[in-house]
Every structure is written in structure tokens, then in C-alpha cells.
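> My file is entry_15.tsv. It has TSV, N, CA and C atoms:
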```tsv
chain	number	residue	atom	x	y	z
A	440	MET	N	10.27	4.47	2.81
A	440	MET	CA	8.93	4.00	3.04
A	440	MET	C	8.11	5.20	3.49
A	441	LYS	N	6.92	5.26	2.95
A	441	LYS	CA	6.01	6.32	3.33
A	441	LYS	C	4.68	5.70	3.75
A	442	VAL	N	4.08	6.29	4.79
A	442	VAL	CA	2.79	5.85	5.28
A	442	VAL	C	1.80	6.98	5.04
A	443	PHE	N	0.64	6.63	4.49
A	443	PHE	CA	-0.41	7.60	4.20
A	443	PHE	C	-1.66	7.23	4.97
A	444	ARG	N	-2.05	8.10	5.88
A	444	ARG	CA	-3.24	7.88	6.70
A	444	ARG	C	-4.36	8.83	6.31
A	445	THR	N	-3.99	9.94	5.67
A	445	THR	CA	-4.96	10.96	5.27
A	445	THR	C	-4.61	11.47	3.87
A	446	ILE	N	-5.57	12.13	3.24
A	446	ILE	CA	-5.31	12.75	1.94
A	446	ILE	C	-4.25	13.84	2.11
A	447	GLU	N	-4.24	14.51	3.24
A	447	GLU	CA	-3.23	15.54	3.50
A	447	GLU	C	-1.82	14.93	3.49
A	448	ASP	N	-1.69	13.71	4.02
A	448	ASP	CA	-0.39	13.01	3.96
A	448	ASP	C	0.06	12.82	2.52
A	449	VAL	N	-0.88	12.47	1.66
A	449	VAL	CA	-0.56	12.26	0.24
A	449	VAL	C	-0.10	13.57	-0.38
A	450	GLU	N	-0.80	14.64	-0.11
A	450	GLU	CA	-0.44	15.94	-0.70
A	450	GLU	C	0.92	16.41	-0.21
A	451	ARG	N	1.22	16.21	1.08
A	451	ARG	CA	2.50	16.63	1.64
A	451	ARG	C	3.68	15.86	1.05
A	452	ALA	N	3.43	14.63	0.60
A	452	ALA	CA	4.52	13.77	0.11
A	452	ALA	C	5.09	14.23	-1.23
A	453	ARG	N	4.30	14.99	-1.99
A	453	ARG	CA	4.77	15.48	-3.31
A	453	ARG	C	5.33	14.36	-4.18
A	454	LEU	N	4.54	13.31	-4.32
A	454	LEU	CA	4.93	12.17	-5.15
A	454	LEU	C	4.86	12.54	-6.62
A	455	PRO	N	5.65	11.87	-7.47
A	455	PRO	CA	5.55	12.12	-8.90
A	455	PRO	C	4.15	11.78	-9.43
A	456	GLY	N	3.74	12.40	-10.52
A	456	GLY	CA	2.41	12.34	-11.09
A	456	GLY	C	1.64	11.04	-11.00
A	457	ASP	N	2.11	10.00	-11.70
A	457	ASP	CA	1.37	8.73	-11.73
A	457	ASP	C	1.29	8.09	-10.34
A	458	LEU	N	2.37	8.14	-9.60
A	458	LEU	CA	2.38	7.55	-8.27
A	458	LEU	C	1.43	8.32	-7.34
A	459	HIS	N	1.43	9.63	-7.43
A	459	HIS	CA	0.51	10.45	-6.66
A	459	HIS	C	-0.93	10.05	-6.97
A	460	ALA	N	-1.23	9.89	-8.25
A	460	ALA	CA	-2.59	9.53	-8.66
A	460	ALA	C	-3.01	8.18	-8.09
A	461	VAL	N	-2.10	7.21	-8.08
A	461	VAL	CA	-2.42	5.88	-7.56
A	461	VAL	C	-2.67	5.94	-6.06
A	462	VAL	N	-1.77	6.59	-5.32
A	462	VAL	CA	-1.92	6.67	-3.86
A	462	VAL	C	-3.17	7.46	-3.50
A	463	HIS	N	-3.35	8.61	-4.13
A	463	HIS	CA	-4.50	9.46	-3.84
A	463	HIS	C	-5.81	8.73	-4.17
A	464	GLY	N	-5.85	8.09	-5.33
A	464	GLY	CA	-7.05	7.37	-5.74
A	464	GLY	C	-7.38	6.23	-4.80
A	465	LEU	N	-6.38	5.48	-4.37
A	465	LEU	CA	-6.61	4.36	-3.47
A	465	LEU	C	-7.13	4.84	-2.12
A	466	LEU	N	-6.46	5.80	-1.52
A	466	LEU	CA	-6.89	6.28	-0.21
A	466	LEU	C	-8.25	6.96	-0.29
A	467	SER	N	-8.50	7.69	-1.34
A	467	SER	CA	-9.82	8.33	-1.53
A	467	SER	C	-10.91	7.27	-1.63
A	468	SER	N	-10.64	6.19	-2.33
A	468	SER	CA	-11.62	5.10	-2.47
A	468	SER	C	-11.90	4.43	-1.13
A	469	ILE	N	-10.86	4.22	-0.36
A	469	ILE	CA	-11.04	3.59	0.96
A	469	ILE	C	-11.91	4.48	1.85
A	470	ILE	N	-11.59	5.77	1.89
A	470	ILE	CA	-12.34	6.71	2.72
A	470	ILE	C	-13.79	6.78	2.25
A	471	ALA	N	-14.00	6.78	0.94
A	471	ALA	CA	-15.36	6.86	0.39
A	471	ALA	C	-16.17	5.62	0.72
A	472	GLU	N	-15.55	4.45	0.70
A	472	GLU	CA	-16.27	3.22	1.03
A	472	GLU	C	-16.75	3.23	2.47
A	473	TYR	N	-15.92	3.71	3.37
A	473	TYR	CA	-16.36	3.83	4.77
A	473	TYR	C	-17.54	4.79	4.87
A	474	ALA	N	-17.44	5.93	4.20
A	474	ALA	CA	-18.52	6.93	4.23
A	474	ALA	C	-19.81	6.35	3.65
A	475	ARG	N	-19.68	5.59	2.57
A	475	ARG	CA	-20.85	4.98	1.93
A	475	ARG	C	-21.57	4.04	2.89
A	476	GLY	N	-20.81	3.41	3.76
A	476	GLY	CA	-21.39	2.51	4.76
A	476	GLY	C	-21.82	3.22	6.03
A	477	GLY	N	-21.74	4.57	6.03
A	477	GLY	CA	-22.17	5.33	7.18
A	477	GLY	C	-21.12	5.42	8.28
A	478	CYS	N	-19.88	5.10	7.95
A	478	CYS	CA	-18.80	5.11	8.94
A	478	CYS	C	-17.76	6.15	8.57
A	479	THR	N	-16.93	6.47	9.52
A	479	THR	CA	-15.80	7.38	9.28
A	479	THR	C	-14.52	6.56	9.30
A	480	PHE	N	-13.71	6.71	8.28
A	480	PHE	CA	-12.44	6.00	8.20
A	480	PHE	C	-11.52	6.47	9.32
A	481	ASN	N	-10.99	5.53	10.09
A	481	ASN	CA	-10.06	5.82	11.17
A	481	ASN	C	-8.80	4.99	10.92
A	482	PRO	N	-7.72	5.61	10.46
A	482	PRO	CA	-6.53	4.82	10.12
A	482	PRO	C	-5.93	4.04	11.28
A	483	ASP	N	-6.16	4.48	12.52
A	483	ASP	CA	-5.63	3.74	13.66
A	483	ASP	C	-6.37	2.42	13.86
A	484	GLU	N	-7.63	2.38	13.44
A	484	GLU	CA	-8.44	1.17	13.60
A	484	GLU	C	-8.64	0.41	12.29
A	485	ASP	N	-8.60	1.15	11.17
A	485	ASP	CA	-8.96	0.56	9.88
A	485	ASP	C	-7.78	0.24	8.97
A	486	GLY	N	-6.64	0.89	9.19
A	486	GLY	CA	-5.47	0.64	8.37
A	486	GLY	C	-5.02	1.89	7.64
A	487	HIS	N	-4.08	1.71	6.73
A	487	HIS	CA	-3.50	2.83	6.01
A	487	HIS	C	-2.84	2.33	4.73
A	488	VAL	N	-2.23	3.25	4.00
A	488	VAL	CA	-1.53	2.92	2.76
A	488	VAL	C	-0.04	3.03	3.03
A	489	LEU	N	0.70	2.03	2.59
A	489	LEU	CA	2.15	1.97	2.79
A	489	LEU	C	2.83	1.91	1.42
A	490	LEU	N	3.72	2.85	1.17
A	490	LEU	CA	4.50	2.86	-0.07
A	490	LEU	C	5.90	2.36	0.24
A	491	ILE	N	6.26	1.23	-0.34
A	491	ILE	CA	7.61	0.69	-0.19
A	491	ILE	C	8.46	1.28	-1.31
A	492	GLU	N	9.61	1.83	-0.92
A	492	GLU	CA	10.46	2.55	-1.87
A	492	GLU	C	11.85	1.93	-1.96
A	493	GLU	N	12.57	2.34	-2.98
A	493	GLU	CA	13.95	1.90	-3.16
A	493	GLU	C	14.74	2.20	-1.89
A	494	GLY	N	15.50	1.24	-1.44
A	494	GLY	CA	16.34	1.42	-0.27
A	494	GLY	C	15.68	0.99	1.03
A	495	ASP	N	14.39	0.70	1.02
A	495	ASP	CA	13.73	0.23	2.24
A	495	ASP	C	14.24	-1.18	2.55
A	496	SER	N	14.71	-1.35	3.75
A	496	SER	CA	15.29	-2.64	4.14
A	496	SER	C	14.19	-3.65	4.47
A	497	ASP	N	14.56	-4.92	4.43
A	497	ASP	CA	13.62	-5.97	4.84
A	497	ASP	C	13.19	-5.75	6.28
A	498	ASP	N	14.11	-5.29	7.14
A	498	ASP	CA	13.76	-5.05	8.54
A	498	ASP	C	12.71	-3.96	8.67
A	499	ALA	N	12.84	-2.89	7.88
A	499	ALA	CA	11.85	-1.80	7.92
A	499	ALA	C	10.49	-2.28	7.43
A	500	VAL	N	10.49	-3.06	6.36
A	500	VAL	CA	9.23	-3.59	5.83
A	500	VAL	C	8.61	-4.55	6.84
A	501	ARG	N	9.44	-5.38	7.44
A	501	ARG	CA	8.94	-6.32	8.46
A	501	ARG	C	8.33	-5.57	9.64
A	502	ALA	N	8.93	-4.46	10.04
A	502	ALA	CA	8.40	-3.67	11.15
A	502	ALA	C	7.03	-3.08	10.79
A	503	ALA	N	6.84	-2.74	9.53
A	503	ALA	CA	5.58	-2.13	9.08
A	503	ALA	C	4.50	-3.16	8.78
A	504	LEU	N	4.90	-4.32	8.26
A	504	LEU	CA	3.92	-5.32	7.80
A	504	LEU	C	3.89	-6.61	8.63
A	505	GLY	N	4.90	-6.80	9.45
A	505	GLY	CA	4.99	-8.06	10.18
A	505	GLY	C	5.70	-9.14	9.40
A	506	ALA	N	6.12	-8.82	8.17
A	506	ALA	CA	6.83	-9.77	7.30
A	506	ALA	C	7.52	-8.97	6.21
A	507	THR	N	8.50	-9.57	5.57
A	507	THR	CA	9.11	-8.92	4.41
A	507	THR	C	8.10	-8.91	3.26
A	508	LEU	N	8.37	-8.13	2.24
A	508	LEU	CA	7.49	-8.11	1.08
A	508	LEU	C	7.39	-9.49	0.46
A	509	LEU	N	8.48	-10.20	0.44
A	509	LEU	CA	8.50	-11.54	-0.14
A	509	LEU	C	7.66	-12.54	0.67
A	510	ASP	N	7.57	-12.33	1.99
A	510	ASP	CA	6.87	-13.28	2.86
A	510	ASP	C	5.49	-12.82	3.31
A	511	ALA	N	5.12	-11.59	3.02
A	511	ALA	CA	3.83	-11.07	3.47
A	511	ALA	C	2.69	-11.84	2.81
A	512	VAL	N	1.62	-12.06	3.56
A	512	VAL	CA	0.44	-12.72	3.02
A	512	VAL	C	-0.42	-11.64	2.38
A	513	LEU	N	-0.43	-11.62	1.06
A	513	LEU	CA	-1.19	-10.62	0.31
A	513	LEU	C	-2.57	-11.16	-0.02
A	514	GLU	N	-3.56	-10.31	0.18
A	514	GLU	CA	-4.93	-10.65	-0.17
A	514	GLU	C	-5.23	-10.12	-1.57
A	515	GLY	N	-4.46	-10.58	-2.53
A	515	GLY	CA	-4.63	-10.13	-3.90
A	515	GLY	C	-3.74	-8.95	-4.21
A	516	CYS	N	-3.67	-8.65	-5.50
A	516	CYS	CA	-2.80	-7.59	-5.98
A	516	CYS	C	-3.34	-7.08	-7.31
A	517	THR	N	-3.20	-5.79	-7.56
A	517	THR	CA	-3.54	-5.21	-8.85
A	517	THR	C	-2.32	-4.46	-9.37
A	518	TYR	N	-2.42	-3.99	-10.59
A	518	TYR	CA	-1.30	-3.28	-11.21
A	518	TYR	C	-1.86	-2.05	-11.90
A	519	GLU	N	-1.36	-0.89	-11.49
A	519	GLU	CA	-1.86	0.37	-12.04
A	519	GLU	C	-0.71	1.36	-12.20
A	520	SER	N	-0.54	1.87	-13.40
A	520	SER	CA	0.49	2.89	-13.67
A	520	SER	C	1.86	2.46	-13.14
A	521	ARG	N	2.27	1.26	-13.53
A	521	ARG	CA	3.57	0.71	-13.16
A	521	ARG	C	3.74	0.56	-11.65
A	522	THR	N	2.63	0.35	-10.95
A	522	THR	CA	2.66	0.20	-9.50
A	522	THR	C	1.84	-1.02	-9.10
A	523	PHE	N	2.44	-1.89	-8.29
A	523	PHE	CA	1.71	-3.01	-7.71
A	523	PHE	C	0.96	-2.49	-6.49
A	524	VAL	N	-0.30	-2.89	-6.37
A	524	VAL	CA	-1.13	-2.51	-5.23
A	524	VAL	C	-1.69	-3.79	-4.63
A	525	GLY	N	-1.26	-4.09	-3.42
A	525	GLY	CA	-1.75	-5.27	-2.73
A	525	GLY	C	-2.25	-4.88	-1.36
A	526	CYS	N	-2.73	-5.84	-0.60
A	526	CYS	CA	-3.14	-5.53	0.76
A	526	CYS	C	-2.83	-6.69	1.68
A	527	VAL	N	-2.52	-6.33	2.91
A	527	VAL	CA	-2.28	-7.30	3.97
A	527	VAL	C	-3.38	-7.09	4.99
A	528	GLN	N	-4.16	-8.12	5.21
A	528	GLN	CA	-5.31	-8.03	6.12
A	528	GLN	C	-4.93	-8.65	7.46
A	529	PHE	N	-4.96	-7.84	8.50
A	529	PHE	CA	-4.57	-8.30	9.83
A	529	PHE	C	-5.73	-8.88	10.60
A	530	ASN	N	-6.93	-8.40	10.34
A	530	ASN	CA	-8.16	-8.94	10.95
A	530	ASN	C	-9.32	-8.50	10.07
A	531	ASN	N	-10.52	-8.60	10.54
A	531	ASN	CA	-11.68	-8.24	9.72
A	531	ASN	C	-11.78	-6.75	9.45
A	532	GLN	N	-10.98	-5.94	10.12
A	532	GLN	CA	-11.10	-4.50	9.97
A	532	GLN	C	-9.79	-3.84	9.55
A	533	PHE	N	-8.66	-4.24	10.10
A	533	PHE	CA	-7.40	-3.53	9.88
A	533	PHE	C	-6.66	-4.09	8.67
A	534	ILE	N	-6.48	-3.24	7.67
A	534	ILE	CA	-5.82	-3.63	6.42
A	534	ILE	C	-4.76	-2.59	6.07
A	535	ILE	N	-3.59	-3.05	5.68
A	535	ILE	CA	-2.58	-2.14	5.14
A	535	ILE	C	-2.53	-2.38	3.64
A	536	SER	N	-2.80	-1.32	2.89
A	536	SER	CA	-2.66	-1.38	1.43
A	536	SER	C	-1.19	-1.11	1.13
A	537	VAL	N	-0.58	-1.98	0.35
A	537	VAL	CA	0.85	-1.92	0.07
A	537	VAL	C	1.06	-1.56	-1.39
A	538	LEU	N	1.85	-0.51	-1.62
A	538	LEU	CA	2.17	-0.08	-2.98
A	538	LEU	C	3.66	-0.21	-3.22
A	539	VAL	N	4.02	-0.75	-4.38
A	539	VAL	CA	5.42	-0.90	-4.76
A	539	VAL	C	5.53	-0.58	-6.25
A	540	GLU	N	6.39	0.36	-6.57
A	540	GLU	CA	6.61	0.67	-7.99
A	540	GLU	C	7.28	-0.50	-8.68
A	541	ASP	N	6.89	-0.76	-9.91
A	541	ASP	CA	7.53	-1.80	-10.72
A	541	ASP	C	8.76	-1.16	-11.35
A	542	ALA	N	9.84	-1.16	-10.58
A	542	ALA	CA	11.07	-0.46	-10.97
A	542	ALA	C	12.25	-1.43	-10.95
A	543	PRO	N	13.34	-1.07	-11.60
A	543	PRO	CA	14.51	-1.96	-11.64
A	543	PRO	C	15.05	-2.35	-10.26
A	544	TRP	N	14.86	-1.52	-9.26
A	544	TRP	CA	15.38	-1.83	-7.92
A	544	TRP	C	14.59	-2.93	-7.21
A	545	LEU	N	13.38	-3.23	-7.69
A	545	LEU	CA	12.53	-4.21	-7.02
A	545	LEU	C	13.15	-5.60	-7.12
A	546	ASN	N	13.28	-6.25	-5.98
A	546	ASN	CA	13.83	-7.61	-5.92
A	546	ASN	C	13.06	-8.50	-6.90
A	547	PRO	N	13.75	-9.20	-7.82
A	547	PRO	CA	13.05	-10.04	-8.80
A	547	PRO	C	12.13	-11.09	-8.17
A	548	ALA	N	12.52	-11.65	-7.05
A	548	ALA	CA	11.67	-12.65	-6.39
A	548	ALA	C	10.41	-11.99	-5.83
A	549	ALA	N	10.55	-10.79	-5.28
A	549	ALA	CA	9.38	-10.06	-4.77
A	549	ALA	C	8.48	-9.67	-5.93
A	550	ARG	N	9.07	-9.24	-7.04
A	550	ARG	CA	8.28	-8.88	-8.21
A	550	ARG	C	7.49	-10.09	-8.70
A	551	ALA	N	8.15	-11.24	-8.78
A	551	ALA	CA	7.48	-12.46	-9.24
A	551	ALA	C	6.31	-12.82	-8.32
A	552	ARG	N	6.49	-12.62	-7.03
A	552	ARG	CA	5.43	-12.91	-6.07
A	552	ARG	C	4.25	-11.95	-6.26
A	553	LEU	N	4.55	-10.67	-6.50
A	553	LEU	CA	3.48	-9.70	-6.74
A	553	LEU	C	2.72	-10.05	-8.02
A	554	VAL	N	3.46	-10.40	-9.06
A	554	VAL	CA	2.82	-10.79	-10.33
A	554	VAL	C	1.95	-12.03	-10.12
A	555	GLN	N	2.42	-12.96	-9.33
A	555	GLN	CA	1.67	-14.19	-9.05
A	555	GLN	C	0.33	-13.87	-8.37
A	556	ASN	N	0.27	-12.78	-7.62
A	556	ASN	CA	-0.94	-12.40	-6.90
A	556	ASN	C	-1.87	-11.51	-7.70
A	557	LEU	N	-1.51	-11.20	-8.95
A	557	LEU	CA	-2.38	-10.36	-9.78
A	557	LEU	C	-3.66	-11.10	-10.12
```
As C-alpha cells, what does this structure read like?


Amino acid sequence: MKVFRTIEDVERARLPGDLHAVVHGLLSSIIAEYARGGCTFNPDEDGHVLLIEEGDSDDAVRAALGATLLDAVLEGCTYESRTFVGCVQFNNQFIISVLVEDAPWLNPAARARLVQNL
């Protein structure tokens, strides 16, 4: 599991091409929206991007999201470059954007739930 709070975090992660583009594009868009509204994005108050990876346990995901991927309340989901992008909204301000590659390791029930939220 990787957490991205800044563009520098994304660059340090050295993600493969398409996945890097998805994470970088999402976080850049979030930061730009705050700036457009005259605010500065603060990941401690506003949220961050979470990449769930192969081998991440349900306990680790629960610690990061408050629920497993299968049980998390997603506020919609999109699909870009073989990656599911959803978000979990904790209040009117704090949101964790959740990314999961559409890969063979993904639990079929979790995949079906992500597809259902598209």
C-alpha cells in the first residue's frame, strides 16, 4: 500500500508508466481544484491518495480506510488505464481517493463491487 500526499511522493514512488500517470493526474487535479477555489490543499485536513497493491491485507486496508475494500463506502468509481479510482468520503472535507489496479490478484468480489460503482 502506498499513500500519496504530495506530487513529490508520487515521483519518489517510481510507479510504472500508466499507474504513475493515473496517480499523478489525480493528485494534480485535486491540488488544482483547491487552488482554483483560492485554497491550499492540505493532505492532513483534506485527504490523500491511497494505492492498494497486491499483498495488502484486509487489516492494512481497514487501518487506512476504516473498512476493507469490499466493505468501504465508495462515493463512485471510475476506470482509467486498467485502474479503478474511487473515493471514500469521511466528512465534507476529508476524502481518501482509492486506486486499485485491475489485476489478476484483485479479489473477484472486490472487483465486482468496484465495477458496480462505475

> Considering all atoms listed in the file, can you say which of A:Val442, A:Arg451, A:Thr507, A:Val461 comes closest to Glu519 in chain A?

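Of A:Val442, A:Arg451, A:Thr507, A:Val461, the one nearest Glu519 in chain A, counting all atoms listed in the file, is A:Val461.
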
> Need to verify the contact set: range 455-458 of chain A, 8 Å, all atoms listed in the file, exclusion of same-chain residues closer than 5 positions in sequence. Can you return it as a list of chain:residue names?

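Once the nearby chain positions are removed, what remains is A:His463, A:Gly464, A:Glu519, A:Ser520, A:Arg521, A:Thr522.
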
> If you keep N, CA and C atoms, can you produce a file of those selected residues as a JSON list (two decimals), in the coordinates of the input?


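Okay, selection00.json is ready:
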```
[["chain", "number", "residue", "atom", "x", "y", "z"],
["A", 463, "HIS", "N", -3.35, 8.61, -4.13],
["A", 463, "HIS", "CA", -4.50, 9.46, -3.84],
["A", 463, "HIS", "C", -5.81, 8.73, -4.17],
["A", 464, "GLY", "N", -5.85, 8.09, -5.33],
["A", 464, "GLY", "CA", -7.05, 7.37, -5.74],
["A", 464, "GLY", "C", -7.38, 6.23, -4.80],
["A", 519, "GLU", "N", -1.36, -0.89, -11.49],
["A", 519, "GLU", "CA", -1.86, 0.37, -12.04],
["A", 519, "GLU", "C", -0.71, 1.36, -12.20],
["A", 520, "SER", "N", -0.54, 1.87, -13.40],
["A", 520, "SER", "CA", 0.49, 2.89, -13.67],
["A", 520, "SER", "C", 1.86, 2.46, -13.14],
["A", 521, "ARG", "N", 2.27, 1.26, -13.53],
["A", 521, "ARG", "CA", 3.57, 0.71, -13.16],
["A", 521, "ARG", "C", 3.74, 0.56, -11.65],
["A", 522, "THR", "N", 2.63, 0.35, -10.95],
["A", 522, "THR", "CA", 2.66, 0.20, -9.50],
["A", 522, "THR", "C", 1.84, -1.02, -9.10]]
```

> Could you check which of A:Leu509, A:Ala499, A:Ala549, A:Ile491 is closest to Val537 in chain A, using all atoms listed in the file?

A:Ile491

> Mind checking DSSP for range 466-556 of chain A and telling me the strand (DSSP E) residues as a PyMOL selection string?

chain A and resi 486-491+516-519+522-528+534-540

> Would you work out the distance separating atom C of Glu540 in chain A from atom N of Leu454 in chain A, expressed in Å to one decimal?

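The value is 14.7 Å.
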